[in-house]
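Structure data (compact mmCIF, C-alpha atoms) from start22.txt:
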```
# COMPACT_ATOMS: atom_id res chain seq x y z
CA MET A 1 131.89 134.36 77.93
CA ILE A 2 128.64 132.37 77.63
CA MET A 3 129.03 128.58 77.55
CA THR A 4 127.82 126.74 74.46
CA THR A 5 126.09 123.36 74.35
CA ARG A 6 129.25 121.83 72.94
CA ALA A 7 131.29 123.23 75.82
CA ALA A 8 128.69 121.98 78.30
CA LEU A 9 128.93 118.43 76.92
CA ALA A 10 132.71 118.64 77.17
CA PHE A 11 132.33 119.80 80.80
CA VAL A 12 130.19 116.75 81.63
CA ARG A 13 132.56 114.41 79.81
CA LYS A 14 135.58 115.79 81.65
CA ASN A 15 133.97 115.47 85.09
CA GLY A 16 132.04 112.27 84.39
CA VAL A 17 129.29 113.01 86.92
CA VAL A 18 127.83 116.51 87.43
CA LEU A 19 124.75 117.93 89.07
CA MET A 20 122.47 119.83 86.74
CA ALA A 21 121.91 122.83 89.01
CA ALA A 22 122.10 121.81 92.68
CA ARG A 23 125.21 121.90 94.86
CA GLY A 24 126.82 118.75 96.16
CA PRO A 25 129.98 116.60 96.10
CA VAL A 26 130.32 116.92 92.30
CA PRO A 27 130.46 119.99 90.01
CA SER A 28 127.32 121.88 89.01
CA LEU A 29 126.65 122.58 85.34
CA ALA A 30 124.55 125.63 86.26
CA GLU A 31 127.50 127.16 88.13
CA ALA A 32 129.79 126.40 85.20
CA ILE A 33 127.42 128.27 82.86
CA ALA A 34 127.09 131.16 85.32
CA GLY A 35 130.85 131.40 85.72
CA GLY A 36 130.79 130.65 89.45
CA ARG A 37 128.52 130.25 92.45
CA PHE A 38 125.37 132.33 92.64
CA ARG A 39 122.55 132.85 95.10
CA GLY A 40 118.93 131.87 94.52
CA SER A 41 117.34 129.69 91.84
CA TRP A 42 119.03 129.21 88.48
CA TRP A 43 115.71 130.14 86.85
CA GLY A 44 116.02 133.70 88.15
CA HIS A 45 119.67 134.05 87.12
CA PRO A 46 120.47 136.47 84.25
CA ARG A 47 121.63 133.44 82.26
CA GLY A 48 118.63 131.33 83.30
CA ARG A 49 117.26 131.03 79.77
CA VAL A 50 120.68 129.99 78.46
CA MET A 51 120.88 127.39 81.23
CA PHE A 52 117.46 126.04 80.29
CA ARG A 53 118.43 125.59 76.63
CA ILE A 54 121.72 123.94 77.55
CA PHE A 55 120.11 121.64 80.12
CA GLU A 56 117.62 120.42 77.51
CA ALA A 57 120.34 119.91 74.90
CA VAL A 58 122.59 118.00 77.30
CA ALA A 59 119.67 115.86 78.50
CA ASP A 60 118.82 115.00 74.87
CA SER A 61 122.37 113.84 74.10
CA LYS A 62 122.85 110.09 73.61
CA GLU A 63 126.12 110.43 75.53
CA ILE A 64 124.37 111.53 78.73
CA LEU A 65 122.41 109.61 81.36
CA VAL A 66 119.91 111.80 83.20
CA CYS A 67 119.23 110.32 86.64
CA ARG A 68 119.02 111.20 90.33
CA LEU A 69 122.26 109.58 91.42
CA VAL A 70 123.70 112.34 93.63
CA ASP A 71 121.63 113.13 96.72
CA GLY A 72 118.37 112.49 94.85
CA LYS A 73 118.99 115.50 92.58
CA ILE A 74 119.01 115.59 88.80
CA THR A 75 122.44 114.36 87.71
CA PHE A 76 124.15 114.15 84.31
CA VAL A 77 126.44 111.12 83.88
CA HIS A 78 128.65 110.80 80.79
CA ARG A 79 128.73 107.45 79.02
CA ARG A 80 132.46 107.03 79.67
CA VAL A 81 131.64 106.29 83.33
CA TRP A 82 128.58 104.08 82.73
CA PRO A 83 130.73 100.93 83.18
CA ALA A 84 131.56 102.18 86.68
CA LEU A 85 127.85 102.31 87.51
CA VAL A 86 127.54 98.69 86.41
CA ARG A 87 130.51 97.63 88.54
CA LEU A 88 129.29 99.54 91.64
CA GLU A 89 125.55 98.96 91.24
CA LYS A 90 125.28 97.21 94.62
CA ARG A 91 126.73 100.29 96.31
CA LEU A 92 124.32 102.68 94.63
CA PRO A 93 120.56 103.17 95.12
CA LYS A 94 118.53 101.51 92.37
CA ARG A 95 116.23 104.55 92.21
CA GLY A 96 119.24 106.82 91.66
CA LEU A 97 120.42 104.72 88.71
CA ALA A 98 117.11 104.90 86.84
CA ALA A 99 117.17 106.95 83.63
CA VAL A 100 114.81 109.94 83.61
CA ARG A 101 113.71 111.37 80.28
CA GLN A 102 110.96 113.72 79.19
CA GLU A 103 109.13 112.89 75.96
CA HIS A 104 106.98 115.20 73.84
CA THR A 105 103.73 113.47 72.90
CA GLU A 106 101.85 114.02 69.62
CA SER A 107 99.38 116.27 71.46
CA GLY A 108 102.23 118.58 72.47
CA ARG A 109 102.19 117.46 76.11
CA HIS A 110 105.23 116.28 78.04
CA ARG A 111 105.56 112.87 79.65
CA ASN A 112 108.18 111.80 82.16
CA VAL A 113 109.60 108.38 81.29
CA VAL A 114 111.61 106.46 83.89
CA THR A 115 113.68 103.46 82.72
CA PRO A 116 114.96 101.31 85.60
CA PHE A 117 118.56 100.19 85.89
CA PRO A 118 120.01 98.26 84.10
CA ASP A 119 117.43 98.29 81.28
CA TRP A 120 118.91 101.47 79.76
CA VAL A 121 122.56 100.29 79.90
CA PRO A 122 124.07 99.45 76.47
CA ALA A 123 125.51 95.95 76.11
CA ALA A 124 129.03 97.30 75.61
CA ALA A 125 128.90 99.25 78.88
CA ARG A 126 127.68 96.14 80.72
CA ARG A 127 130.60 94.09 79.39
CA GLN A 128 133.11 96.81 80.27
CA GLY A 129 131.63 97.15 83.75
CA LYS A 130 132.04 93.46 84.48
CA ARG A 131 135.74 93.69 83.55
CA LEU A 132 136.40 96.73 85.80
CA ASP A 133 137.84 96.26 89.26
CA GLU A 134 136.29 98.26 92.10
CA THR A 135 139.19 100.69 92.48
CA ALA A 136 139.09 101.63 88.80
CA ALA A 137 135.31 102.07 88.96
CA LYS A 138 135.57 104.42 91.94
CA ARG A 139 138.26 106.40 90.17
CA LEU A 140 135.96 106.82 87.15
CA LEU A 141 133.08 108.04 89.32
CA GLY A 142 135.35 110.43 91.21
CA ALA A 143 133.65 112.40 93.99
CA ALA A 144 130.34 110.63 93.34
CA ALA A 145 131.91 107.39 94.57
CA ARG A 146 132.23 108.90 98.05
CA LEU A 147 128.47 109.32 98.08
CA ALA A 148 128.13 105.66 97.15
CA GLY A 149 130.27 104.68 100.13
CA VAL A 150 128.12 106.73 102.51
CA LEU A 151 124.96 105.15 101.15
CA LEU A 152 126.39 101.65 101.52
CA LEU A 153 127.38 102.33 105.14
CA PHE A 154 123.92 103.67 105.92
CA VAL A 155 122.19 100.64 104.38
CA GLY A 156 124.51 98.30 106.27
CA LEU A 157 123.77 99.90 109.63
CA VAL A 158 120.02 99.84 109.08
CA SER A 159 120.18 96.17 108.00
CA LEU A 160 122.15 95.33 111.14
CA GLN A 161 119.43 96.76 113.36
CA ALA A 162 116.67 95.08 111.36
CA CYS A 163 118.35 91.71 111.83
CA GLY A 164 118.55 92.06 115.60
CA GLY A 165 122.07 93.37 116.03
CA SER A 166 123.77 93.94 119.33
CA GLY A 167 121.92 97.20 119.91
CA LYS A 168 125.24 99.04 120.32
CA ALA A 169 125.00 100.73 116.95
CA PRO A 170 124.62 104.53 117.12
CA GLN A 171 121.07 105.80 117.28
CA ALA A 172 121.69 107.87 114.15
CA ALA A 173 121.55 104.65 112.12
CA ALA A 174 117.79 104.47 112.70
CA ALA A 175 117.18 107.93 111.21
CA PRO A 176 114.78 108.08 108.26
CA ALA A 177 116.14 108.31 104.74
CA VAL A 178 116.83 111.76 103.33
CA PRO A 179 113.58 113.09 101.82
CA ALA A 180 113.55 113.20 98.05
CA THR A 181 113.95 116.42 96.13
CA PRO A 182 110.93 117.24 93.91
CA VAL A 183 111.58 116.19 90.34
CA ASP A 184 111.08 119.68 88.93
CA ALA A 185 111.57 122.05 91.84
CA PRO A 186 112.77 124.79 91.11
CA ASP A 187 116.21 123.72 89.94
CA VAL A 188 114.94 121.16 87.42
CA PRO A 189 113.18 122.15 84.16
CA TYR A 190 110.63 119.32 84.17
CA ALA A 191 106.89 119.65 84.69
CA THR A 192 105.75 116.99 87.16
CA THR A 193 102.31 115.78 88.24
CA TYR A 194 101.27 114.23 91.56
CA ALA A 195 97.75 112.90 92.15
CA GLY A 196 95.77 110.90 94.70
CA ASP A 197 92.32 110.04 96.02
CA LEU A 198 91.43 111.73 99.31
CA PRO A 199 88.52 111.15 101.70
CA CYS A 200 85.45 113.39 101.42
CA ALA A 201 82.88 113.87 104.22
CA ASP A 202 79.94 114.86 102.00
CA CYS A 203 80.76 113.30 98.62
CA ALA A 204 81.69 109.95 97.11
CA GLY A 205 85.38 110.95 97.11
CA ARG A 206 87.73 113.61 95.85
CA ARG A 207 90.69 113.49 93.53
CA LEU A 208 93.55 115.96 94.00
CA THR A 209 95.87 116.61 91.05
CA LEU A 210 98.89 118.91 91.43
CA THR A 211 101.28 119.83 88.62
CA LEU A 212 104.52 121.70 89.31
CA PHE A 213 105.99 123.73 86.45
CA PRO A 214 109.50 125.10 85.85
CA GLY A 215 110.05 128.59 87.20
CA GLY A 216 108.04 128.07 90.39
CA SER A 217 104.40 128.01 89.20
CA TRP A 218 101.82 125.29 89.79
CA ARG A 219 98.23 124.36 88.97
CA MET A 220 95.82 122.20 90.96
CA ARG A 221 92.51 120.50 90.32
CA ARG A 222 90.18 119.21 93.04
CA THR A 223 87.49 116.90 91.65
CA TYR A 224 84.51 116.13 93.90
CA ARG A 225 82.71 113.01 92.71
CA GLY A 226 78.95 112.92 92.27
CA VAL A 227 78.13 116.27 93.93
CA ASP A 228 76.19 117.87 91.05
CA ALA A 229 73.19 115.58 90.50
CA GLY A 230 75.50 112.60 90.27
CA LYS A 231 78.13 114.42 88.20
CA ASP A 232 81.63 115.43 89.24
CA ARG A 233 82.60 119.03 90.00
CA SER A 234 86.15 120.32 89.51
CA LEU A 235 87.64 123.32 91.31
CA TYR A 236 90.92 124.85 90.23
CA ALA A 237 93.75 126.83 91.76
CA LEU A 238 97.08 128.14 90.58
CA GLY A 239 99.93 130.16 92.02
CA THR A 240 103.60 130.12 92.92
CA ARG A 241 105.70 128.05 95.27
CA ALA A 242 108.15 129.44 97.80
CA ALA A 243 111.62 128.21 98.64
CA ALA A 244 111.85 126.58 102.06
CA ASP A 245 114.86 125.87 104.27
CA ASP A 246 113.58 122.30 104.56
CA ARG A 247 113.89 120.98 100.98
CA SER A 248 111.42 118.20 101.76
CA ARG A 249 108.64 120.76 102.37
CA LEU A 250 106.65 122.30 99.53
CA VAL A 251 104.78 125.56 100.23
CA LEU A 252 102.25 126.68 97.61
CA HIS A 253 100.88 130.21 97.52
CA PRO A 254 97.56 130.29 95.64
CA ALA A 255 96.05 133.34 93.96
CA ALA A 256 93.46 133.36 96.76
CA GLY A 257 93.41 131.79 100.21
CA GLU A 258 95.97 130.46 102.66
CA PRO A 259 99.23 128.74 101.64
CA LEU A 260 99.10 124.99 101.05
CA GLN A 261 101.81 122.73 102.43
CA PHE A 262 103.09 119.33 101.33
CA ARG A 263 106.06 117.16 102.22
CA PHE A 264 108.12 114.86 100.01
CA VAL A 265 108.25 111.60 101.93
CA ALA A 266 109.70 109.38 99.19
CA GLY A 267 110.95 109.63 95.65
CA ASP A 268 107.44 109.36 94.27
CA ARG A 269 105.12 110.51 97.08
CA LEU A 270 103.81 113.85 98.37
CA GLN A 271 102.17 114.04 101.79
CA VAL A 272 99.29 116.48 102.17
CA LEU A 273 99.99 118.50 105.32
CA ASP A 274 96.48 119.33 106.44
CA ARG A 275 94.93 118.73 109.88
CA GLU A 276 95.42 114.98 109.62
CA GLY A 277 98.44 114.94 107.34
CA ASN A 278 98.12 111.29 106.30
CA ASP A 279 96.99 111.57 102.69
CA LEU A 280 99.52 110.88 99.96
CA LEU A 281 99.78 111.91 96.31
CA ALA A 282 101.70 109.67 93.90
CA LEU A 283 104.04 110.77 91.11
CA GLN A 284 102.30 110.25 87.75
CA ALA A 285 103.92 108.77 84.66
CA SER A 286 102.55 111.57 82.45
CA VAL A 287 102.13 115.30 82.97
CA ASP A 288 98.60 116.62 83.51
CA ALA A 289 98.52 120.25 82.38
CA VAL A 290 95.46 120.96 84.63
CA ALA A 291 94.15 122.98 81.71
CA GLY A 292 90.80 124.15 83.13
CA PRO A 293 88.66 126.02 82.13
CA MET A 294 89.21 128.17 85.18
CA PRO A 295 88.65 131.78 86.29
CA LEU A 296 91.74 133.98 85.88
CA THR A 297 92.66 137.58 86.66
CA GLY A 298 95.35 139.40 84.70
CA LEU A 299 96.39 142.06 82.22
CA TYR A 300 94.99 141.84 78.70
CA THR A 301 96.62 143.53 75.70
CA TYR A 302 95.57 143.64 72.07
CA LEU A 303 97.89 145.15 69.48
CA ALA A 304 98.64 144.49 65.81
CA ASP A 305 96.00 141.76 65.54
CA ALA A 306 97.52 139.79 68.42
CA ALA A 307 96.21 139.43 71.98
CA SER A 308 98.08 138.37 75.11
CA PHE A 309 97.21 137.82 78.76
CA LYS A 310 99.52 138.18 81.79
CA GLU A 311 98.12 136.15 84.70
CA CYS A 312 98.53 138.13 87.92
CA SER A 313 99.41 135.49 90.51
CA THR A 314 102.19 133.77 88.52
CA GLY A 315 103.26 136.59 86.20
CA THR A 316 103.00 134.22 83.21
CA THR A 317 102.24 135.87 79.86
CA LEU A 318 100.38 133.79 77.27
CA PRO A 319 99.23 134.46 73.70
CA ILE A 320 95.47 134.13 73.22
CA VAL A 321 94.01 131.79 70.61
CA PRO A 322 91.52 133.72 68.42
CA VAL A 323 88.14 132.07 69.04
CA ALA A 324 84.60 133.34 69.68
CA GLY A 325 85.16 134.05 73.38
CA SER A 326 88.33 136.02 72.73
CA SER A 327 86.55 138.13 70.08
CA ALA A 328 84.06 139.36 72.69
CA LEU A 329 86.90 140.23 75.05
CA GLN A 330 88.74 141.99 72.24
CA SER A 331 85.70 144.18 71.54
CA ALA A 332 85.31 145.05 75.23
CA TYR A 333 88.99 145.92 75.45
CA LEU A 334 88.92 148.17 72.38
CA ALA A 335 85.93 150.01 73.82
CA ALA A 336 87.59 150.55 77.22
CA ARG A 337 91.24 151.24 76.37
CA HIS A 338 92.66 154.78 76.43
CA ALA A 339 95.67 154.17 74.19
CA PRO A 340 96.70 151.49 71.66
CA GLY A 341 98.40 148.54 73.34
CA LYS A 342 97.74 149.77 76.87
CA PRO A 343 97.02 146.75 79.15
CA LEU A 344 93.72 146.55 81.03
CA LEU A 345 92.91 144.40 84.05
CA VAL A 346 90.39 141.68 83.18
CA THR A 347 88.73 138.69 84.80
CA LEU A 348 87.94 135.82 82.45
CA THR A 349 87.41 132.10 82.19
CA GLY A 350 90.16 130.45 80.20
CA GLN A 351 91.69 127.13 79.26
CA PHE A 352 95.38 126.39 78.77
CA VAL A 353 96.33 124.65 75.50
CA ASP A 354 99.57 123.81 73.71
CA ARG A 355 99.81 125.28 70.22
CA SER A 356 102.41 126.15 67.64
CA PRO A 357 102.13 129.87 66.84
CA GLU A 358 102.95 129.12 63.21
CA PRO A 359 103.88 126.06 61.12
CA GLY A 360 107.28 124.74 62.09
CA ALA A 361 107.55 126.89 65.22
CA PRO A 362 108.07 125.26 68.65
CA VAL A 363 104.93 124.37 70.60
CA ARG A 364 104.18 126.67 73.53
CA GLU A 365 101.28 127.20 75.88
CA HIS A 366 98.40 129.46 74.79
CA LEU A 367 95.13 130.54 76.41
CA ILE A 368 91.63 130.02 75.04
CA VAL A 369 89.14 132.53 76.46
CA THR A 370 85.67 131.01 76.85
CA GLN A 371 84.11 134.11 78.43
CA HIS A 372 85.10 137.31 80.20
CA GLN A 373 83.53 138.92 83.26
CA GLN A 374 85.15 142.34 83.75
CA VAL A 375 87.43 144.76 81.94
CA GLY A 376 88.90 147.48 84.13
CA PRO A 377 91.25 150.45 83.72
CA ALA A 378 94.38 149.14 85.43
CA SER A 379 97.85 148.96 83.93
CA ARG A 380 99.29 146.50 86.47
CA CYS A 381 98.22 143.65 88.73
CA LEU A 382 97.01 145.28 91.91
CA PRO A 383 97.15 143.39 95.24
CA GLU A 384 93.36 143.39 95.55
CA ALA A 385 93.09 142.08 92.00
CA THR A 386 95.50 139.23 92.70
CA ALA A 387 93.54 138.27 95.79
CA SER A 388 90.46 137.72 93.68
CA GLY A 389 92.14 135.07 91.55
CA VAL A 390 91.24 131.46 90.99
CA ARG A 391 88.40 130.06 93.11
CA GLY A 392 86.76 127.33 91.07
CA ALA A 393 85.63 126.14 87.72
CA ARG A 394 82.48 127.67 86.30
CA ARG A 395 80.16 125.40 84.43
```
Go through the file and emit its structure as structure tokens.
Amino acid sequence: MIMTTRAALAFVRKNGVVLMAARGPVPSLAEAIAGGRFRGSWWGHPRGRVMFRIFEAVADSKEILVCRLVDGKITFVHRRVWPALVRLEKRLPKRGLAAVRQEHTESGRHRNVVTPFPDWVPAAARRQGKRLDETAAKRLLGAAARLAGVLLLFVGLVSLQACGGSGKAPQAAAAPAVPATPVDAPDVPYATTYAGDLPCADCAGRRLTLTLFPGGSWRMRRTYRGVDAGKDRSLYALGTRAAADDRSRLVLHPAAGEPLQFRFVAGDRLQVLDREGNDLLALQASVDAVAGPMPLTGLYTYLADAASFKECSTGTTLPIVPVAGSSALQSAYLAARHAPGKPLLVTLTGQFVDRSPEPGAPVREHLIVTQHQQVGPASRCLPEATASGVRGARR
């Protein structure tokens, strides 16, 4: 039996505090939807699309706080236990109590909005929290309260050492904090952007922007300042990210070239693991779609007055917006195809845009084709085709 949104909200209310998809000291909503534990990412689960819809509906409910309370992972907290958060706030990390929401802007983009504690707490919950005793608050939080106790102990030990304690405290107390889990990786359905300025040996500076998308894909823009007769030049890459045993490490596999590695060193920082490994990217308040235009390789299909493009490195299929550039590609495809609707391998320059396919329909990502380079007789993404993927923006 597939869980409904109403049943999911009841599940969160009953448990008070649940993890969205990760495993930990409290129940997991993803496992409840799946009917039990499962291996791999929730996104690849047969009920992954159902999970996504339910996650969004639960997150949009006024009864639910979306935060990173449990082990830095996305957590749903029902309003019946909000007073307990108020009562135990000194035992809980401030960052973990911040409300995390994703807003849809007028342009169709998504923006992550973080509201610090206690700004999001209703007045009634604050009053109730002040009347609660600590035992009752812990009982409301349930298993999550045990995590609060561990965090308090850790903070106390570190403070003891910082204040010049006896030195007899265990060495483990000086260990670094647990690295943060990426906001959207891959168990969280939020697009997230990190960006930072990096040194450049032969230019005025370079700006690196990395956006992680649900399902394991990513896009990157490197902007080199003043290299083209005083103008900036932007190079693009996209690809997939691999799961790593070390959750603090992020491994990106681009369409072309060697894997790129990063490390989460704080809740809002990514460390670039290159030869020096000292450069940091900061979490951005809004999502940058890294739209391009950029060279892409994939399978193009035109049938029944509609065109689509499946990008080879990520496997993402996008509808194509009918503009002048796409008309030229359509003509080349019709001349080269051997059967109606048969996909052909193409290389093109395209830009990602958010559009509604028809009035009233949900906004989704489309592709605008500005020009095409090749149309070839291939019905699938070949390894050699994938290797020729994104190298840089063409002006």
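For the atom pair formed by atom CA of Ser327 of chain A and atom CA of Leu367 of chain A, the distance is 13.1 Å, given to one decimal.
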I'd like the neighbourhood of segment 294-311 of chain A as a PDB file with C-alpha atoms, in the frame of the given file, where a residue qualifies if any of its atoms comes within 6 Å (using only C-alpha atoms), though same-chain residues fewer than 3 positions away should be ignored.
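Saved result, around.pdb, follows:
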```pdb
ATOM      1  CA  GLY A 315     103.260 136.590  86.200  1.00  0.00           C
ATOM      2  CA  THR A 316     103.000 134.220  83.210  1.00  0.00           C
ATOM      3  CA  THR A 317     102.240 135.870  79.860  1.00  0.00           C
ATOM      4  CA  LEU A 318     100.380 133.790  77.270  1.00  0.00           C
ATOM      5  CA  PRO A 319      99.230 134.460  73.700  1.00  0.00           C
ATOM      6  CA  ILE A 320      95.470 134.130  73.220  1.00  0.00           C
ATOM      7  CA  GLY A 341      98.400 148.540  73.340  1.00  0.00           C
ATOM      8  CA  PRO A 343      97.020 146.750  79.150  1.00  0.00           C
ATOM      9  CA  LEU A 344      93.720 146.550  81.030  1.00  0.00           C
ATOM     10  CA  LEU A 345      92.910 144.400  84.050  1.00  0.00           C
ATOM     11  CA  VAL A 346      90.390 141.680  83.180  1.00  0.00           C
ATOM     12  CA  THR A 347      88.730 138.690  84.800  1.00  0.00           C
ATOM     13  CA  LEU A 348      87.940 135.820  82.450  1.00  0.00           C
ATOM     14  CA  THR A 349      87.410 132.100  82.190  1.00  0.00           C
ATOM     15  CA  GLY A 350      90.160 130.450  80.200  1.00  0.00           C
ATOM     16  CA  GLY A 389      92.140 135.070  91.550  1.00  0.00           C
ATOM     17  CA  VAL A 390      91.240 131.460  90.990  1.00  0.00           C
ATOM     18  CA  ALA A 393      85.630 126.140  87.720  1.00  0.00           C
TER      19      ALA A 393
END
```
message: Would you pick out the contacts of Pro259 of chain A at 12 Å or less, using only C-alpha atoms, so that residues sharing its chain but fewer than 6 positions from it are not included, and give the list as number ranges by chain?
response: A: 237-242, 250-253, 273-274
- request: Report the distance between atom CA of Leu280 of chain A and atom CA of Leu69 of chain A in Å, rounded to one decimal place.
  value: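 These atoms are spaced 24.3 Å apart.
Each of A:Cys67, A:Ile74, A:Ala137, A:Ala291 was checked against Trp120 of chain A using all atoms listed in the file; the smallest atom-to-atom distance is that of A:Cys67.
Distance-wise, atom CA of Leu270 of chain A and atom CA of Arg233 of chain A end up 23.4 Å apart.
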Could you pull segment 197-222 of chain A out of the structure I just pasted and write it to a file containing N, CA and C atoms, as a short mmCIF file (atom, residue, chain, number, x, y, z; two decimals), in the first residue's frame?
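Result file is part_14.cif:
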```cif
data_model
loop_
_atom_site.label_atom_id
_atom_site.label_comp_id
_atom_site.auth_asym_id
_atom_site.auth_seq_id
_atom_site.Cartn_x
_atom_site.Cartn_y
_atom_site.Cartn_z
N ASP A 197 35.30 33.08 -4.66
CA ASP A 197 36.36 33.65 -5.48
C ASP A 197 37.66 32.92 -5.20
N LEU A 198 38.31 32.46 -6.27
CA LEU A 198 39.55 31.69 -6.15
C LEU A 198 40.69 32.46 -6.82
N PRO A 199 41.93 32.20 -6.39
CA PRO A 199 43.07 32.87 -7.02
C PRO A 199 43.27 32.43 -8.46
N CYS A 200 43.86 33.29 -9.26
CA CYS A 200 44.11 32.99 -10.68
C CYS A 200 45.50 33.53 -11.04
N ALA A 201 46.37 32.66 -11.59
CA ALA A 201 47.75 33.04 -11.87
C ALA A 201 47.85 34.03 -13.03
N ASP A 202 46.99 33.89 -14.04
CA ASP A 202 47.12 34.72 -15.24
C ASP A 202 45.84 35.50 -15.55
N CYS A 203 45.05 35.82 -14.51
CA CYS A 203 43.87 36.66 -14.72
C CYS A 203 43.61 37.44 -13.44
N ALA A 204 42.65 38.35 -13.50
CA ALA A 204 42.35 39.21 -12.36
C ALA A 204 41.67 38.45 -11.22
N GLY A 205 41.22 37.23 -11.48
CA GLY A 205 40.54 36.42 -10.48
C GLY A 205 39.55 35.49 -11.15
N ARG A 206 39.12 34.47 -10.44
CA ARG A 206 38.13 33.56 -11.01
C ARG A 206 37.05 33.26 -9.98
N ARG A 207 35.86 33.12 -10.47
CA ARG A 207 34.69 32.86 -9.64
C ARG A 207 34.17 31.47 -9.97
N LEU A 208 34.07 30.61 -8.96
CA LEU A 208 33.58 29.25 -9.15
C LEU A 208 32.19 29.13 -8.54
N THR A 209 31.23 28.71 -9.37
CA THR A 209 29.84 28.54 -8.92
C THR A 209 29.43 27.10 -9.17
N LEU A 210 28.97 26.41 -8.14
CA LEU A 210 28.58 25.00 -8.23
C LEU A 210 27.17 24.84 -7.69
N THR A 211 26.28 24.28 -8.51
CA THR A 211 24.91 24.00 -8.08
C THR A 211 24.65 22.50 -8.12
N LEU A 212 24.19 21.97 -7.00
CA LEU A 212 23.85 20.55 -6.87
C LEU A 212 22.34 20.41 -7.00
N PHE A 213 21.92 19.45 -7.84
CA PHE A 213 20.50 19.25 -8.10
C PHE A 213 20.05 17.91 -7.52
N PRO A 214 18.74 17.77 -7.23
CA PRO A 214 18.22 16.49 -6.78
C PRO A 214 18.48 15.40 -7.82
N GLY A 215 18.67 14.19 -7.35
CA GLY A 215 18.89 13.08 -8.27
C GLY A 215 20.34 12.86 -8.61
N GLY A 216 21.26 13.70 -8.11
CA GLY A 216 22.67 13.43 -8.30
C GLY A 216 23.36 14.18 -9.41
N SER A 217 22.70 15.15 -10.07
CA SER A 217 23.36 15.91 -11.12
C SER A 217 23.86 17.24 -10.57
N TRP A 218 24.74 17.89 -11.33
CA TRP A 218 25.29 19.18 -10.93
C TRP A 218 25.70 19.97 -12.16
N ARG A 219 25.81 21.29 -11.99
CA ARG A 219 26.34 22.15 -13.04
C ARG A 219 27.30 23.16 -12.41
N MET A 220 28.33 23.52 -13.17
CA MET A 220 29.38 24.39 -12.65
C MET A 220 29.73 25.46 -13.67
N ARG A 221 30.05 26.65 -13.15
CA ARG A 221 30.51 27.74 -14.00
C ARG A 221 31.81 28.30 -13.42
N ARG A 222 32.83 28.36 -14.27
CA ARG A 222 34.09 29.01 -13.89
C ARG A 222 34.18 30.32 -14.69
#
```
